[in-house]
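Below is the file data.txt, which contains compact mmCIF, C-alpha atoms (C1' of nucleotides).
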# COMPACT_ATOMS: atom_id res chain seq x y z
CA MET A 78 73.63 -32.77 -45.77
CA CYS A 79 70.68 -31.82 -47.89
CA GLY A 80 67.27 -31.17 -46.39
CA ARG A 81 65.70 -28.88 -48.96
CA TYR A 82 66.32 -28.12 -52.59
CA THR A 83 64.93 -26.53 -55.71
CA LEU A 84 64.13 -27.71 -59.22
CA TYR A 85 62.70 -25.19 -61.62
CA SER A 86 64.40 -25.71 -65.01
CA ASP A 87 61.90 -26.38 -67.73
CA LYS A 88 61.02 -29.93 -68.57
CA LYS A 89 62.86 -30.07 -71.86
CA THR A 90 66.06 -28.73 -70.30
CA ILE A 91 65.93 -31.43 -67.64
CA GLU A 92 65.34 -34.14 -70.22
CA LYS A 93 68.18 -32.87 -72.38
CA THR A 94 70.61 -32.49 -69.50
CA PHE A 95 70.03 -35.98 -68.15
CA LYS A 96 69.39 -37.60 -71.54
CA ALA A 97 66.17 -39.13 -70.26
CA PRO A 98 62.46 -38.57 -70.95
CA PHE A 99 59.82 -37.94 -68.33
CA ARG A 100 57.70 -41.08 -68.06
CA ASP A 101 54.64 -39.19 -66.92
CA ASP A 102 53.42 -35.64 -67.17
CA PHE A 103 53.72 -34.67 -63.52
CA TYR A 104 56.50 -32.09 -63.56
CA GLN A 105 56.16 -28.60 -62.22
CA PRO A 106 58.92 -26.25 -61.12
CA ARG A 107 59.42 -25.96 -57.37
CA TYR A 108 61.52 -23.67 -55.23
CA ASN A 109 61.07 -25.40 -51.90
CA ILE A 110 61.24 -29.15 -52.20
CA ALA A 111 60.73 -30.81 -48.82
CA PRO A 112 61.05 -34.42 -47.66
CA GLY A 113 57.86 -36.36 -48.22
CA SER A 114 57.12 -34.73 -51.56
CA VAL A 115 57.15 -36.40 -54.97
CA ASN A 116 59.89 -35.20 -57.30
CA PRO A 117 61.67 -36.08 -60.55
CA VAL A 118 64.27 -38.83 -60.29
CA VAL A 119 66.39 -40.26 -63.11
CA LEU A 120 66.48 -44.05 -63.07
CA MET A 121 66.44 -47.27 -65.03
CA GLY A 122 63.06 -48.89 -65.49
CA LYS A 123 62.19 -52.54 -65.98
CA ALA A 124 62.78 -52.07 -69.67
CA ARG A 125 66.36 -51.08 -68.88
CA GLU A 126 65.73 -47.67 -70.29
CA VAL A 127 66.63 -44.47 -68.54
CA GLY A 128 63.66 -42.34 -67.64
CA ILE A 129 62.49 -39.68 -65.21
CA ALA A 130 59.82 -40.71 -62.75
CA GLY A 131 58.17 -39.12 -59.73
CA LEU A 132 59.38 -40.61 -56.46
CA ARG A 133 58.78 -39.59 -52.87
CA TRP A 134 61.73 -38.12 -50.99
CA GLY A 135 62.57 -40.26 -47.94
CA LEU A 136 63.55 -43.85 -48.63
CA VAL A 137 61.19 -46.49 -47.30
CA PRO A 138 63.06 -49.83 -47.31
CA SER A 139 61.21 -52.71 -48.98
CA TRP A 140 61.02 -54.54 -45.65
CA ALA A 141 59.60 -51.64 -43.65
CA ASP A 142 56.27 -52.13 -41.94
CA ASP A 143 55.60 -48.44 -41.65
CA GLU A 144 56.08 -46.02 -44.51
CA ASN A 145 56.74 -43.17 -42.07
CA VAL A 146 60.30 -44.39 -41.52
CA GLY A 147 60.96 -42.60 -44.80
CA TYR A 148 60.92 -39.24 -43.08
CA LYS A 149 64.22 -39.98 -41.38
CA MET A 150 65.79 -41.57 -44.45
CA ILE A 151 66.17 -38.42 -46.50
CA ASN A 152 69.98 -38.68 -46.60
CA ALA A 153 72.46 -41.55 -46.71
CA ARG A 154 76.12 -41.15 -45.77
CA SER A 155 78.33 -42.29 -48.60
CA GLU A 156 80.97 -43.49 -46.12
CA THR A 157 78.71 -46.19 -44.69
CA ILE A 158 76.07 -46.61 -47.35
CA ASP A 159 77.00 -50.21 -48.16
CA LYS A 160 76.84 -51.27 -44.51
CA LYS A 161 73.51 -49.86 -43.42
CA PRO A 162 70.55 -52.28 -43.53
CA SER A 163 68.34 -49.59 -45.03
CA PHE A 164 70.68 -48.78 -47.89
CA SER A 165 72.93 -51.75 -48.66
CA LYS A 166 70.47 -53.49 -50.99
CA PRO A 167 69.46 -50.35 -52.86
CA PHE A 168 73.14 -49.48 -53.15
CA GLN A 169 73.68 -52.63 -55.19
CA ARG A 170 70.91 -52.29 -57.74
CA LYS A 171 68.85 -49.17 -57.16
CA ARG A 172 70.97 -46.13 -57.84
CA CYS A 173 69.51 -42.94 -59.25
CA ILE A 174 70.17 -39.28 -59.97
CA ILE A 175 68.11 -36.44 -58.52
CA PRO A 176 67.95 -33.29 -60.67
CA ALA A 177 68.20 -29.97 -58.82
CA ASN A 178 69.00 -26.34 -59.44
CA GLY A 179 70.27 -25.69 -55.93
CA PHE A 180 69.86 -26.66 -52.28
CA TYR A 181 69.67 -25.19 -48.81
CA GLU A 182 71.88 -25.53 -45.77
CA TRP A 183 71.32 -23.91 -42.38
CA LYS A 184 73.96 -22.47 -40.11
CA THR A 185 73.02 -22.49 -36.44
CA LEU A 186 74.07 -19.21 -34.93
CA THR A 187 75.23 -18.76 -31.36
CA SER A 188 71.84 -17.22 -30.66
CA GLY A 189 70.25 -20.49 -31.63
CA LYS A 190 68.65 -18.96 -34.68
CA LYS A 191 69.16 -20.67 -37.99
CA LEU A 192 70.46 -18.84 -41.01
CA PRO A 193 69.64 -20.39 -44.37
CA PHE A 194 72.13 -20.50 -47.24
CA TYR A 195 71.16 -21.24 -50.80
CA ILE A 196 73.83 -23.14 -52.72
CA ARG A 197 73.86 -23.30 -56.51
CA LEU A 198 76.11 -23.29 -59.51
CA LEU A 199 77.11 -19.81 -60.62
CA ASP A 200 75.10 -20.12 -63.83
CA ASP A 201 72.15 -21.80 -62.10
CA GLU A 202 72.77 -24.80 -64.30
CA LEU A 203 71.25 -28.14 -63.32
CA LEU A 204 73.13 -30.42 -60.97
CA GLY A 205 72.47 -34.03 -60.08
CA PHE A 206 72.57 -35.50 -56.61
CA ALA A 207 73.64 -39.12 -56.32
CA GLY A 208 70.82 -41.12 -54.80
CA LEU A 209 69.26 -44.48 -54.03
CA PHE A 210 65.66 -45.58 -54.37
CA ASP A 211 63.54 -48.48 -53.23
CA HIS A 212 60.19 -50.13 -53.87
CA TRP A 213 57.74 -50.66 -51.02
CA LYS A 214 54.56 -52.70 -51.18
CA PRO A 215 51.94 -51.55 -48.70
CA PRO A 216 49.44 -53.97 -47.10
CA SER A 217 46.88 -52.41 -49.43
CA GLY A 218 46.93 -49.67 -51.99
CA GLU A 219 49.51 -48.60 -54.51
CA ASP A 220 53.17 -49.49 -54.48
CA LEU A 221 55.42 -46.74 -53.19
CA PHE A 222 58.69 -45.64 -54.75
CA THR A 223 60.98 -43.51 -52.61
CA TYR A 224 64.48 -42.09 -52.74
CA THR A 225 67.30 -40.75 -50.60
CA ILE A 226 70.08 -38.29 -51.37
CA ILE A 227 73.65 -39.37 -50.72
CA THR A 228 75.79 -37.02 -48.67
CA THR A 229 79.51 -36.75 -48.07
CA GLU A 230 81.92 -34.63 -46.10
CA ALA A 231 81.87 -30.94 -46.96
CA ASN A 232 84.58 -29.83 -49.36
CA ALA A 233 86.56 -26.60 -48.98
CA LEU A 234 83.96 -24.68 -50.93
CA LEU A 235 81.23 -25.50 -48.44
CA LEU A 236 83.08 -25.60 -45.12
CA PRO A 237 81.20 -23.48 -42.58
CA ASP A 238 84.06 -21.15 -41.64
CA ARG A 239 85.32 -19.90 -44.95
CA PRO A 240 87.00 -16.49 -44.59
CA ASP A 241 85.10 -15.06 -47.53
CA VAL A 242 81.59 -15.56 -46.18
CA ASP A 243 79.66 -12.50 -45.12
CA HIS A 244 80.43 -12.43 -41.42
CA ALA A 245 78.96 -8.99 -41.05
CA ARG A 246 75.59 -10.30 -42.12
CA ILE A 247 75.89 -13.29 -39.85
CA ARG A 248 76.65 -11.02 -36.88
CA GLN A 249 73.60 -8.96 -37.73
CA CYS A 250 71.50 -12.09 -37.65
CA GLU A 251 73.00 -13.15 -34.35
CA GLN A 252 71.99 -9.83 -32.87
CA GLY A 253 68.50 -10.27 -34.19
CA ARG A 254 68.71 -7.29 -36.49
CA GLU A 255 67.91 -9.33 -39.56
C1' DC B 117 65.17 -29.78 -43.67
C1' DC B 118 61.44 -26.59 -41.02
C1' DA B 119 56.89 -25.54 -39.06
C1' DG B 120 53.42 -26.79 -36.40
C1' DA B 121 51.04 -29.91 -33.71
C1' DC B 122 50.96 -32.53 -29.71
C1' DG B 123 43.86 -35.62 -27.61
C1' DT B 124 39.32 -37.98 -27.04
C1' DT B 125 34.32 -38.68 -27.16
C1' DG B 126 30.36 -37.72 -29.17
C1' DT B 127 27.40 -34.55 -31.74
C1' DT B 128 26.38 -31.77 -35.96
C1' DG C 198 60.51 -32.24 -25.78
C1' DT C 199 59.18 -35.02 -29.65
C1' DC C 200 56.50 -36.45 -33.49
C1' DT C 201 54.06 -35.50 -37.96
C1' DG C 202 53.20 -33.30 -42.24
C1' DG C 203 54.75 -30.75 -45.98
C1' DC D 205 70.78 -67.44 -29.96
C1' DC D 206 66.59 -63.83 -30.05
C1' DA D 207 64.79 -59.11 -30.04
C1' DG D 208 64.78 -54.94 -31.86
C1' DA D 209 66.42 -51.58 -34.83
C1' DC D 210 67.11 -50.24 -39.37
C1' DG D 211 69.07 -42.48 -40.23
C1' DT D 212 71.65 -37.93 -40.33
C1' DT D 213 73.48 -33.63 -38.53
C1' DG D 214 75.49 -31.20 -35.09
C1' DT D 215 76.00 -30.26 -30.25
C1' DT D 216 77.07 -31.66 -25.44
C1' DG E 177 65.87 -58.51 -45.34
C1' DT E 178 69.95 -57.75 -42.45
C1' DC E 179 72.66 -55.92 -38.75
C1' DT E 180 73.47 -54.79 -33.76
C1' DG E 181 73.11 -55.36 -28.94
C1' DG E 182 72.32 -58.12 -25.13

Mind turning this structure into structure tokens?
Amino acid sequence: MCGRYTLYSDKKTIEKTFKAPFRDDFYQPRYNIAPGSVNPVVLMGKAREVGIAGLRWGLVPSWADDENVGYKMINARSETIDKKPSFSKPFQRKRCIIPANGFYEWKTLTSGKKLPFYIRLLDDELLGFAGLFDHWKPPSGEDLFTYTIITTEANALLLPDRPDVDHARIRQCEQGRE
DNA sequence: CCAGACGTTGTT
DNA sequence: GTCTGG
DNA sequence: CCAGACGTTGTT
DNA sequence: GTCTGG
């Protein structure tokens, strides 16, 4: 899954990579993007033009009566995305791309401690997560746009027990020496 | 995802 | 232990 | 039918 | 709004 990521390429590089302009001047590079924060998302606007807008991570379905449900909607499983009430509608007409330079995964050690891994392309080039977004109208105040990142089963490159990972370092962590 | 809080009344 | 905020 | 949930991961 | 469980 994906619970944290980074985005630090400069604005022009992001626009060029995704062939879309920022709609507002809100961008700033970030190395620790957490759920609940507002981040760049590539999507189609009403004018049917591709653009990059700031949306909040954690999809709040249009029918929700509490925006806090978004905190548990940070990921959507691709295998069931068209069957879940929270995602089926957005899946039809509200798809988007989330620019990132890398993301974090945590391995739970036998000690219970969690060891973070940072995953990126070798050249640190931009990557795009597949995502969904939605539009929520609060009882009062401004409309809220939110998004979720689509996940899928780990491929061979990311399986947790690859023989070429640094087991020595992991053992050190398990023994609390790191 | 992780880190940190987790409660109320009433007074300043 | 579980929820909230970031 | 109505009422209540609406999510994921990983661990037991 | 739509699906699931009872």

Do me a favour and pick out the residues of chain A within 9 Å of chain C, using all atoms listed in the file, as a list in words.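 Those within range of chain C come out as Ala111, Pro112, Gly113 and Ser114 of chain A.
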
Show me, as JSON lines, the residues of chain B having an atom within 12 Å of chain A, each with the closest atom pair and its distance in Å, using all atoms listed in the file.
{"residue": "B:DC117", "atom": "C1'", "partner": "A:Gly80", "partner_atom": "CA", "distance": 3.7}
{"residue": "B:DC118", "atom": "C1'", "partner": "A:Ala111", "partner_atom": "CA", "distance": 8.9}
{"residue": "B:DA119", "atom": "C1'", "partner": "A:Ala111", "partner_atom": "CA", "distance": 11.7}

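These residues, each with an atom at most 8 Å from (73.2, -28.1, -31.6) using all atoms listed in the file, are Thr185 of chain A; DG214 and DT215 of chain D.
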
Separation of CA of Leu204 in chain A from CA of Thr90 in chain A in Å: 11.8 Å

Students should find that CA of Met150 in chain A and CA of Pro138 in chain A are spaced 9.2 Å

Find the distance between CA of Thr94 in chain A and CA of Arg170 in chain A and write it in Å to one decimal.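 It comes out at 23.0 Å.
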